[in-house]
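Containing PDB, C-alpha atoms: data30.pdb.
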```
MODEL        1
ATOM      1  CA  MET A  17    -128.198  23.405 125.193
ATOM      2  CA  LYS A  18    -125.601  20.877 126.291
ATOM      3  CA  LEU A  19    -122.111  21.221 124.894
ATOM      4  CA  SER A  20    -120.057  18.276 123.702
ATOM      5  CA  LYS A  21    -117.032  17.074 125.629
ATOM      6  CA  GLU A  22    -114.790  18.725 123.017
ATOM      7  CA  LEU A  23    -116.464  22.106 123.383
ATOM      8  CA  ARG A  24    -116.346  21.926 127.177
ATOM      9  CA  ALA A  25    -112.609  21.302 126.872
ATOM     10  CA  PHE A  26    -112.390  24.266 124.512
ATOM     11  CA  GLU A  27    -114.089  26.462 127.134
ATOM     12  CA  GLN A  28    -111.319  25.492 129.527
ATOM     13  CA  ARG A  29    -108.655  26.332 126.951
ATOM     14  CA  ILE A  30    -109.975  29.858 126.458
ATOM     15  CA  GLY A  31    -110.870  30.387 130.123
ATOM     16  CA  HIS A  32    -114.539  31.211 129.611
ATOM     17  CA  LYS A  33    -117.593  29.128 130.493
ATOM     18  CA  PHE A  34    -120.628  30.167 128.468
ATOM     19  CA  ASP A  35    -123.913  30.952 130.156
ATOM     20  CA  ARG A  36    -125.417  30.805 126.657
ATOM     21  CA  PRO A  37    -123.675  27.815 125.044
ATOM     22  CA  GLU A  38    -125.599  28.348 121.812
ATOM     23  CA  LEU A  39    -123.321  31.321 121.169
ATOM     24  CA  LEU A  40    -120.249  29.113 121.224
ATOM     25  CA  MET A  41    -121.984  26.620 118.948
ATOM     26  CA  ARG A  42    -122.701  29.389 116.473
ATOM     27  CA  ALA A  43    -119.153  30.721 116.680
ATOM     28  CA  VAL A  44    -117.642  27.393 115.629
ATOM     29  CA  THR A  45    -120.191  26.689 112.878
ATOM     30  CA  HIS A  46    -118.936  27.413 109.379
ATOM     31  CA  ALA A  47    -121.284  28.530 106.606
ATOM     32  CA  SER A  48    -120.752  25.185 104.867
ATOM     33  CA  VAL A  49    -122.983  23.502 107.466
ATOM     34  CA  SER A  50    -125.432  26.295 108.262
ATOM     35  CA  SER A  51    -129.118  25.797 107.607
ATOM     36  CA  THR A  52    -132.491  27.238 108.529
ATOM     37  CA  THR A  53    -132.119  25.611 111.940
ATOM     38  CA  ARG A  54    -128.423  26.313 112.527
ATOM     39  CA  GLU A  55    -126.825  29.754 112.246
ATOM     40  CA  ASP A  56    -123.260  30.097 111.002
ATOM     41  CA  ASN A  57    -120.541  32.327 112.447
ATOM     42  CA  GLN A  58    -120.398  35.063 109.792
ATOM     43  CA  ARG A  59    -122.345  37.713 111.713
ATOM     44  CA  LEU A  60    -120.357  36.971 114.867
ATOM     45  CA  GLU A  61    -117.145  37.303 112.863
ATOM     46  CA  PHE A  62    -118.206  40.802 111.786
ATOM     47  CA  LEU A  63    -118.793  41.832 115.399
ATOM     48  CA  GLY A  64    -115.691  40.113 116.752
ATOM     49  CA  ASP A  65    -113.451  41.969 114.336
ATOM     50  CA  ARG A  66    -114.666  45.283 115.789
ATOM     51  CA  VAL A  67    -114.312  44.144 119.399
ATOM     52  CA  LEU A  68    -110.781  42.910 118.722
ATOM     53  CA  GLY A  69    -109.881  46.221 117.117
ATOM     54  CA  LEU A  70    -111.036  48.277 120.086
ATOM     55  CA  VAL A  71    -109.234  46.059 122.596
ATOM     56  CA  MET A  72    -105.998  46.041 120.598
ATOM     57  CA  ALA A  73    -106.019  49.811 120.085
ATOM     58  CA  THR A  74    -106.478  50.322 123.827
ATOM     59  CA  ALA A  75    -103.832  47.746 124.714
ATOM     60  CA  LEU A  76    -101.258  49.341 122.412
ATOM     61  CA  LEU A  77    -101.873  52.801 123.855
ATOM     62  CA  GLU A  78    -101.373  51.449 127.369
ATOM     63  CA  HIS A  79     -98.352  49.330 126.419
ATOM     64  CA  ASP A  80     -96.417  52.238 124.915
ATOM     65  CA  ARG A  81     -97.606  55.622 126.154
ATOM     66  CA  LYS A  82     -95.029  57.534 124.095
ATOM     67  CA  ALA A  83     -95.657  55.922 120.688
ATOM     68  CA  SER A  84     -96.906  58.123 117.876
ATOM     69  CA  GLU A  85     -99.878  57.301 115.679
ATOM     70  CA  GLY A  86     -97.424  56.454 112.919
ATOM     71  CA  GLN A  87     -95.789  53.836 115.140
ATOM     72  CA  LEU A  88     -99.036  52.485 116.557
ATOM     73  CA  ALA A  89    -100.857  51.957 113.251
ATOM     74  CA  PRO A  90     -98.543  49.266 111.830
ATOM     75  CA  ARG A  91     -98.433  47.487 115.185
ATOM     76  CA  PHE A  92    -102.224  47.509 115.314
ATOM     77  CA  ASN A  93    -102.478  46.108 111.786
ATOM     78  CA  ALA A  94    -100.024  43.340 112.657
ATOM     79  CA  LEU A  95    -102.045  42.309 115.708
ATOM     80  CA  VAL A  96    -105.532  42.255 114.156
ATOM     81  CA  ARG A  97    -104.810  40.884 110.684
ATOM     82  CA  LYS A  98    -106.222  37.530 109.687
ATOM     83  CA  GLU A  99    -102.861  35.765 109.887
ATOM     84  CA  THR A 100    -102.457  36.723 113.542
ATOM     85  CA  CYS A 101    -106.015  35.685 114.387
ATOM     86  CA  ALA A 102    -105.289  32.325 112.765
ATOM     87  CA  GLU A 103    -102.086  31.942 114.809
ATOM     88  CA  VAL A 104    -104.049  32.508 118.022
ATOM     89  CA  ALA A 105    -106.706  30.057 116.826
ATOM     90  CA  ARG A 106    -104.018  27.422 116.362
ATOM     91  CA  ASP A 107    -102.632  28.131 119.834
ATOM     92  CA  ILE A 108    -105.993  27.185 121.370
ATOM     93  CA  ASP A 109    -106.658  24.387 118.852
ATOM     94  CA  LEU A 110    -109.818  26.056 117.586
ATOM     95  CA  GLY A 111    -109.694  24.028 114.387
ATOM     96  CA  ALA A 112    -110.408  20.838 116.326
ATOM     97  CA  VAL A 113    -113.907  22.021 117.334
ATOM     98  CA  LEU A 114    -115.028  23.693 114.113
ATOM     99  CA  LYS A 115    -118.270  22.451 112.568
ATOM    100  CA  LEU A 116    -117.588  22.097 108.857
ATOM    101  CA  GLY A 117    -119.453  20.826 105.834
ATOM    102  CA  ARG A 118    -118.146  17.789 103.998
ATOM    103  CA  SER A 119    -116.471  19.835 101.260
ATOM    104  CA  GLU A 120    -114.547  21.938 103.766
ATOM    105  CA  MET A 121    -113.615  18.855 105.765
ATOM    106  CA  LEU A 122    -112.157  17.182 102.690
ATOM    107  CA  SER A 123    -110.276  20.303 101.623
ATOM    108  CA  GLY A 124    -108.472  20.689 104.951
ATOM    109  CA  GLY A 125    -110.702  23.422 106.347
ATOM    110  CA  ARG A 126    -109.488  22.961 109.930
ATOM    111  CA  ARG A 127    -106.067  24.185 108.809
ATOM    112  CA  LYS A 128    -107.122  27.049 106.520
ATOM    113  CA  GLN A 129    -105.830  30.402 107.643
ATOM    114  CA  ALA A 130    -108.830  32.471 106.568
ATOM    115  CA  LEU A 131    -111.307  30.044 108.104
ATOM    116  CA  LEU A 132    -109.412  29.900 111.415
ATOM    117  CA  GLY A 133    -109.050  33.673 111.540
ATOM    118  CA  ASP A 134    -112.760  34.190 110.926
ATOM    119  CA  ALA A 135    -113.686  31.642 113.585
ATOM    120  CA  MET A 136    -111.364  33.298 116.120
ATOM    121  CA  GLU A 137    -113.147  36.603 115.603
ATOM    122  CA  ALA A 138    -116.484  34.823 115.978
ATOM    123  CA  VAL A 139    -115.408  33.317 119.310
ATOM    124  CA  ILE A 140    -114.460  36.791 120.546
ATOM    125  CA  ALA A 141    -117.932  38.063 119.614
ATOM    126  CA  ALA A 142    -119.581  35.071 121.285
ATOM    127  CA  VAL A 143    -117.798  35.864 124.557
ATOM    128  CA  TYR A 144    -118.759  39.531 124.187
ATOM    129  CA  LYS A 145    -122.438  38.705 123.692
ATOM    130  CA  ASP A 146    -122.368  36.112 126.467
ATOM    131  CA  ALA A 147    -120.678  38.145 129.199
ATOM    132  CA  GLY A 148    -120.013  41.684 128.001
ATOM    133  CA  PHE A 149    -117.050  43.766 126.916
ATOM    134  CA  GLU A 150    -114.858  43.193 129.963
ATOM    135  CA  ALA A 151    -115.006  39.425 129.505
ATOM    136  CA  ALA A 152    -114.141  39.732 125.824
ATOM    137  CA  GLN A 153    -111.338  42.136 126.644
ATOM    138  CA  ALA A 154    -109.922  39.726 129.232
ATOM    139  CA  LEU A 155    -110.035  36.883 126.708
ATOM    140  CA  ILE A 156    -108.224  38.900 124.034
ATOM    141  CA  ILE A 157    -105.545  40.193 126.382
ATOM    142  CA  ARG A 158    -104.977  36.671 127.678
ATOM    143  CA  LEU A 159    -104.587  35.206 124.184
ATOM    144  CA  TRP A 160    -102.730  38.128 122.561
ATOM    145  CA  LYS A 161    -100.597  39.184 125.557
ATOM    146  CA  ASP A 162     -97.269  37.883 124.259
ATOM    147  CA  LYS A 163     -97.938  39.288 120.793
ATOM    148  CA  VAL A 164     -98.684  42.760 122.154
ATOM    149  CA  ALA A 165     -95.490  42.682 124.192
ATOM    150  CA  SER A 166     -93.315  41.566 121.284
ATOM    151  CA  VAL A 167     -94.838  43.389 118.321
ATOM    152  CA  GLU A 168     -92.079  45.199 116.467
ATOM    153  CA  THR A 169     -91.805  48.980 116.562
ATOM    154  CA  ASP A 170     -92.186  48.949 112.787
ATOM    155  CA  ALA A 171     -94.640  46.128 112.176
ATOM    156  CA  ARG A 172     -95.383  46.906 108.567
ATOM    157  CA  ASP A 173     -95.731  43.754 106.507
ATOM    158  CA  PRO A 174     -92.651  42.832 104.421
ATOM    159  CA  LYS A 175     -94.323  43.580 101.073
ATOM    160  CA  THR A 176     -95.042  47.149 102.145
ATOM    161  CA  SER A 177     -91.514  47.588 103.489
ATOM    162  CA  LEU A 178     -89.972  46.227 100.279
ATOM    163  CA  GLN A 179     -92.106  48.515  98.134
ATOM    164  CA  GLU A 180     -91.100  51.532 100.204
ATOM    165  CA  TRP A 181     -87.435  50.482  99.957
ATOM    166  CA  ALA A 182     -87.687  50.391  96.159
ATOM    167  CA  GLN A 183     -89.606  53.659  95.879
ATOM    168  CA  ALA A 184     -87.103  55.481  98.096
ATOM    169  CA  ARG A 185     -84.416  54.584  95.566
ATOM    170  CA  GLY A 186     -86.403  55.533  92.498
ATOM    171  CA  GLN A 187     -87.030  51.937  91.482
ATOM    172  CA  LYS A 188     -90.198  50.334  90.197
ATOM    173  CA  PRO A 189     -92.374  48.449  92.730
ATOM    174  CA  PRO A 190     -91.302  44.824  93.244
ATOM    175  CA  SER A 191     -93.040  42.099  91.289
ATOM    176  CA  TYR A 192     -94.164  38.698  92.580
ATOM    177  CA  VAL A 193     -93.985  35.706  90.280
ATOM    178  CA  GLU A 194     -95.326  32.213  90.908
ATOM    179  CA  VAL A 195     -92.359  29.918  90.290
ATOM    180  CA  THR A 196     -93.986  26.590  91.093
ATOM    181  CA  ARG A 197     -97.199  25.194  92.499
ATOM    182  CA  SER A 198     -97.325  21.685  93.928
ATOM    183  CA  GLY A 199     -99.456  19.489  96.149
ATOM    184  CA  PRO A 200    -103.145  18.548  95.859
ATOM    185  CA  ASP A 201    -105.791  21.095  94.880
ATOM    186  CA  HIS A 202    -107.165  21.255  98.411
ATOM    187  CA  ALA A 203    -103.739  21.965  99.957
ATOM    188  CA  PRO A 204    -101.485  23.619  97.359
ATOM    189  CA  ILE A 205     -97.919  24.717  98.040
ATOM    190  CA  PHE A 206     -96.687  27.864  96.299
ATOM    191  CA  THR A 207     -93.151  29.017  95.585
ATOM    192  CA  ILE A 208     -93.070  32.739  94.866
ATOM    193  CA  ALA A 209     -90.196  34.946  93.721
ATOM    194  CA  ALA A 210     -89.981  38.585  94.812
ATOM    195  CA  ARG A 211     -88.073  40.575  92.193
ATOM    196  CA  LEU A 212     -86.749  44.110  91.820
ATOM    197  CA  ASP A 213     -85.969  45.759  88.498
ATOM    198  CA  THR A 214     -82.279  45.683  89.477
ATOM    199  CA  GLY A 215     -82.362  41.913  89.167
ATOM    200  CA  ALA A 216     -82.308  41.244  92.906
ATOM    201  CA  GLU A 217     -84.543  38.302  93.760
ATOM    202  CA  ALA A 218     -85.507  35.981  96.606
ATOM    203  CA  GLN A 219     -87.879  33.031  96.752
ATOM    204  CA  ALA A 220     -90.060  31.500  99.454
ATOM    205  CA  THR A 221     -92.511  28.631  99.759
ATOM    206  CA  ALA A 222     -95.775  28.542 101.742
ATOM    207  CA  GLY A 223     -99.296  27.146 101.772
ATOM    208  CA  SER A 224    -100.861  30.304 100.333
ATOM    209  CA  LYS A 225     -99.756  32.849  97.751
ATOM    210  CA  ARG A 226    -100.030  35.673 100.270
ATOM    211  CA  GLN A 227     -97.829  33.916 102.812
ATOM    212  CA  ALA A 228     -95.282  33.000 100.157
ATOM    213  CA  GLU A 229     -95.199  36.565  98.827
ATOM    214  CA  GLN A 230     -94.687  37.975 102.323
ATOM    215  CA  ALA A 231     -91.935  35.462 103.065
ATOM    216  CA  ALA A 232     -90.220  36.173  99.735
ATOM    217  CA  ALA A 233     -90.352  39.916 100.408
ATOM    218  CA  GLN A 234     -88.880  39.358 103.864
ATOM    219  CA  ALA A 235     -86.096  37.209 102.412
ATOM    220  CA  LEU A 236     -85.272  39.853  99.808
ATOM    221  CA  LEU A 237     -85.225  42.608 102.436
ATOM    222  CA  ALA A 238     -82.785  40.547 104.503
ATOM    223  CA  GLN A 239     -80.663  40.024 101.402
ATOM    224  CA  LEU A 240     -80.627  43.756 100.667
ATOM    225  CA  ASP A 241     -79.753  44.641 104.270
ATOM    226  CA  ALA A 242     -76.796  42.248 104.154
ATOM    227  CA  SER A 243     -75.421  43.616 100.880
TER     228      SER A 243
ENDMDL
END
```
Go through the file and emit its structure as structure tokens.
Amino acid sequence: MKLSKELRAFEQRIGHKFDRPELLMRAVTHASVSSTTREDNQRLEFLGDRVLGLVMATALLEHDRKASEGQLAPRFNALVRKETCAEVARDIDLGAVLKLGRSEMLSGGRRKQALLGDAMEAVIAAVYKDAGFEAAQALIIRLWKDKVASVETDARDPKTSLQEWAQARGQKPPSYVEVTRSGPDHAPIFTIAARLDTGAEAQATAGSKRQAEQAAAQALLAQLDAS
């Protein structure tokens, strides 16, 4: 199988030339264009998630040999979650080579966080199946290196941290309220308010409810720390 010019350039961006280019083709093929003659990337995504987890767990143990399990777990979760996979996918412009169906194309699929994160995991699996674990490990370390080095000691997501802050003070868990929703249906923008039963509140805006909730929680935590 001969790869397109775009996919050959993508190989250069990730630093891996495929001996079995059909694996790369499968990794960048979304279910919206799969057929009886073309496999999508869902099964590769499943495998890639597990490969990424093993590599990240090993990397964290080597990066900080004195960290406890309680410190390592939140760091691990921060490094393997879908948002981080999507960030890495954007760094290598994975969205530009995705094979999408018309509906996904029209709805901005190349920019969707979940779709990019899934495809990143599929690419990891494709490298693993093409050249083995060491090649996949090298790819992950290369792409995640800065994130491993800079991951916070307490990398719990802001919503979890805010909930724990409230519970430690005998308060009810924070609530998240959609304040506004704007933009077209295929690319909505959400403004979410994070609220405590004390009346403390902070708002944030993002392209998904989850991102907006996390940002609002982070803003409220910063507000509480400053008070």
Excluding stretch 57-65 of chain A and its own-chain neighbours fewer than 2 positions away, which residues fall within 8 Å of it when counting only C-alpha atoms? Please give them as a PDB file with C-alpha atoms, in the coordinates of the input.
```pdb
ATOM      1  CA  ARG A  42    -122.701  29.389 116.473  1.00  0.00           C
ATOM      2  CA  ALA A  43    -119.153  30.721 116.680  1.00  0.00           C
ATOM      3  CA  VAL A  44    -117.642  27.393 115.629  1.00  0.00           C
ATOM      4  CA  THR A  45    -120.191  26.689 112.878  1.00  0.00           C
ATOM      5  CA  HIS A  46    -118.936  27.413 109.379  1.00  0.00           C
ATOM      6  CA  ALA A  47    -121.284  28.530 106.606  1.00  0.00           C
ATOM      7  CA  GLU A  55    -126.825  29.754 112.246  1.00  0.00           C
ATOM      8  CA  VAL A  67    -114.312  44.144 119.399  1.00  0.00           C
ATOM      9  CA  LEU A  68    -110.781  42.910 118.722  1.00  0.00           C
ATOM     10  CA  GLY A  69    -109.881  46.221 117.117  1.00  0.00           C
ATOM     11  CA  VAL A  96    -105.532  42.255 114.156  1.00  0.00           C
ATOM     12  CA  ASP A 134    -112.760  34.190 110.926  1.00  0.00           C
ATOM     13  CA  ALA A 135    -113.686  31.642 113.585  1.00  0.00           C
ATOM     14  CA  MET A 136    -111.364  33.298 116.120  1.00  0.00           C
ATOM     15  CA  GLU A 137    -113.147  36.603 115.603  1.00  0.00           C
ATOM     16  CA  ALA A 138    -116.484  34.823 115.978  1.00  0.00           C
ATOM     17  CA  VAL A 139    -115.408  33.317 119.310  1.00  0.00           C
ATOM     18  CA  ILE A 140    -114.460  36.791 120.546  1.00  0.00           C
ATOM     19  CA  ALA A 141    -117.932  38.063 119.614  1.00  0.00           C
ATOM     20  CA  ALA A 142    -119.581  35.071 121.285  1.00  0.00           C
TER      21      ALA A 142
END
```
>> Since I can't run it myself right now, could you work out what the PyMOL selection byres ((chain A and resi 146) around 8) selects here and report it as a list in words?
In response: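 Checked against the file, the PyMOL selection byres ((chain A and resi 146) around 8) matches Phe34, Asp35, Arg36, Leu39, Ala142, Val143, Tyr144, Lys145, Ala147 and Gly148 of chain A.
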>> Expand the PyMOL selection byres ((chain A and resi 174) around 10) into the explicit residue set it covers here, and present it as a ChimeraX atom specification.
In response: /A:171-173,175-180,229-237
>> Evaluated on this file, the PyMOL selection byres ((chain A and resi 114-122) around 8) picks out some residues - which ones are they, written as a PyMOL selection string?
In response: chain A and resi 44-49+110-113+123-126+202
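Among the candidate residues A:Ala83, A:Ala222, A:Ala25, A:Met17, the one lying nearest to A:Gln129 is A:Ala222, with distances computed using all atoms listed in the file.
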> What separation in Å, quoted to one decimal, exists between atom CA of A:Asp201 and atom CA of A:Thr100?
Replying inline: 24.6 Å
Determine the axis-aligned bounding box of all atoms of stretch 85-100 of chain A present in the file, pad each side by 8 Å, and express its centre and edge lengths in Å to one decimal place as JSON.
```
{"center_x": -101.0, "center_y": 46.5, "center_z": 113.1, "size_x": 26.4, "size_y": 37.5, "size_z": 22.9}
```
> Do you have the atom CA of A:Gln227-atom CA of A:Asp56 distance handy?
Replying inline: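 Result for atom CA of A:Gln227 versus atom CA of A:Asp56: 27.0 Å, one decimal.
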>> Counting only C-alpha atoms, which residues have an atom no more than 9 Å from (-94.7, 35.9, 88.4) in the file's coordinates? Please list them as a ChimeraX atom specification.
In response: /A:191-195,208-211
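Within 9 Å of A:Lys188, once only C-alpha atoms are used and residues closer than 2 positions along the same chain are dropped, the contacting residues are Gln179, Ala182, Gln183, Arg185, Gly186, Pro190, Ser191, Leu212 and Asp213 of chain A.
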>> Please compute the atom CA of A:Val104-atom CA of A:Met41 distance, one decimal, in Å.
In response: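 Interatomic distance, atom CA of A:Val104 to atom CA of A:Met41: 18.9 Å.
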>> I'd like to know which of A:Glu85, A:Arg29, A:Leu240, A:Leu131 is closest to A:Gly215, using all atoms listed in the file.
In response: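 With all atoms listed in the file as the atom set, the closest residue is A:Leu240.
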Would you please take stretch 112-167 of chain A of the structure in the block above and write C-alpha atoms to a file as a PDB file, in the first residue's frame?
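Listed below is the output, selection-v3.pdb:
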```
ATOM      1  CA  ALA A 112      -5.049  17.045   9.256  1.00  0.00           C
ATOM      2  CA  VAL A 113      -4.681  13.396   8.158  1.00  0.00           C
ATOM      3  CA  LEU A 114      -7.827  11.898   9.669  1.00  0.00           C
ATOM      4  CA  LYS A 115     -10.185  10.095   7.296  1.00  0.00           C
ATOM      5  CA  LEU A 116     -13.674  11.264   8.205  1.00  0.00           C
ATOM      6  CA  GLY A 117     -17.166  10.773   6.867  1.00  0.00           C
ATOM      7  CA  ARG A 118     -19.049  13.745   5.480  1.00  0.00           C
ATOM      8  CA  SER A 119     -21.073  14.284   8.658  1.00  0.00           C
ATOM      9  CA  GLU A 120     -17.961  14.416  10.826  1.00  0.00           C
ATOM     10  CA  MET A 121     -16.219  16.682   8.335  1.00  0.00           C
ATOM     11  CA  LEU A 122     -19.093  19.155   8.427  1.00  0.00           C
ATOM     12  CA  SER A 123     -19.317  19.079  12.217  1.00  0.00           C
ATOM     13  CA  GLY A 124     -15.655  19.979  12.728  1.00  0.00           C
ATOM     14  CA  GLY A 125     -14.438  16.465  13.480  1.00  0.00           C
ATOM     15  CA  ARG A 126     -10.767  17.325  12.929  1.00  0.00           C
ATOM     16  CA  ARG A 127     -10.952  19.580  15.985  1.00  0.00           C
ATOM     17  CA  LYS A 128     -13.029  17.367  18.297  1.00  0.00           C
ATOM     18  CA  GLN A 129     -11.232  16.435  21.471  1.00  0.00           C
ATOM     19  CA  ALA A 130     -12.659  12.933  21.834  1.00  0.00           C
ATOM     20  CA  LEU A 131     -12.021  12.079  18.193  1.00  0.00           C
ATOM     21  CA  LEU A 132      -8.424  13.352  18.322  1.00  0.00           C
ATOM     22  CA  GLY A 133      -7.741  11.531  21.577  1.00  0.00           C
ATOM     23  CA  ASP A 134      -9.074   8.259  20.190  1.00  0.00           C
ATOM     24  CA  ALA A 135      -7.028   8.625  17.012  1.00  0.00           C
ATOM     25  CA  MET A 136      -3.858   9.330  19.017  1.00  0.00           C
ATOM     26  CA  GLU A 137      -4.323   6.077  20.905  1.00  0.00           C
ATOM     27  CA  ALA A 138      -4.912   4.284  17.608  1.00  0.00           C
ATOM     28  CA  VAL A 139      -1.648   5.641  16.183  1.00  0.00           C
ATOM     29  CA  ILE A 140       0.199   4.345  19.250  1.00  0.00           C
ATOM     30  CA  ALA A 141      -1.293   0.883  18.680  1.00  0.00           C
ATOM     31  CA  ALA A 142      -0.417   1.011  14.981  1.00  0.00           C
ATOM     32  CA  VAL A 143       3.238   1.674  15.827  1.00  0.00           C
ATOM     33  CA  TYR A 144       3.141  -1.122  18.412  1.00  0.00           C
ATOM     34  CA  LYS A 145       1.758  -3.632  15.914  1.00  0.00           C
ATOM     35  CA  ASP A 146       4.126  -2.435  13.196  1.00  0.00           C
ATOM     36  CA  ALA A 147       7.397  -2.481  15.131  1.00  0.00           C
ATOM     37  CA  GLY A 148       6.836  -3.776  18.655  1.00  0.00           C
ATOM     38  CA  PHE A 149       6.695  -2.380  22.165  1.00  0.00           C
ATOM     39  CA  GLU A 150      10.047  -0.595  22.158  1.00  0.00           C
ATOM     40  CA  ALA A 151       9.089   1.437  19.094  1.00  0.00           C
ATOM     41  CA  ALA A 152       5.753   2.383  20.634  1.00  0.00           C
ATOM     42  CA  GLN A 153       7.464   3.257  23.893  1.00  0.00           C
ATOM     43  CA  ALA A 154       9.967   5.480  22.075  1.00  0.00           C
ATOM     44  CA  LEU A 155       7.135   7.253  20.256  1.00  0.00           C
ATOM     45  CA  ILE A 156       5.199   7.912  23.468  1.00  0.00           C
ATOM     46  CA  ILE A 157       8.218   9.135  25.404  1.00  0.00           C
ATOM     47  CA  ARG A 158       9.145  11.424  22.522  1.00  0.00           C
ATOM     48  CA  LEU A 159       5.660  12.948  22.317  1.00  0.00           C
ATOM     49  CA  TRP A 160       4.867  13.025  26.057  1.00  0.00           C
ATOM     50  CA  LYS A 161       8.364  13.859  27.366  1.00  0.00           C
ATOM     51  CA  ASP A 162       7.664  17.465  28.342  1.00  0.00           C
ATOM     52  CA  LYS A 163       4.345  16.515  29.927  1.00  0.00           C
ATOM     53  CA  VAL A 164       5.945  13.814  32.074  1.00  0.00           C
ATOM     54  CA  ALA A 165       8.600  16.258  33.228  1.00  0.00           C
ATOM     55  CA  SER A 166       6.116  18.992  34.114  1.00  0.00           C
ATOM     56  CA  VAL A 167       3.151  17.050  35.480  1.00  0.00           C
TER      57      VAL A 167
END
```
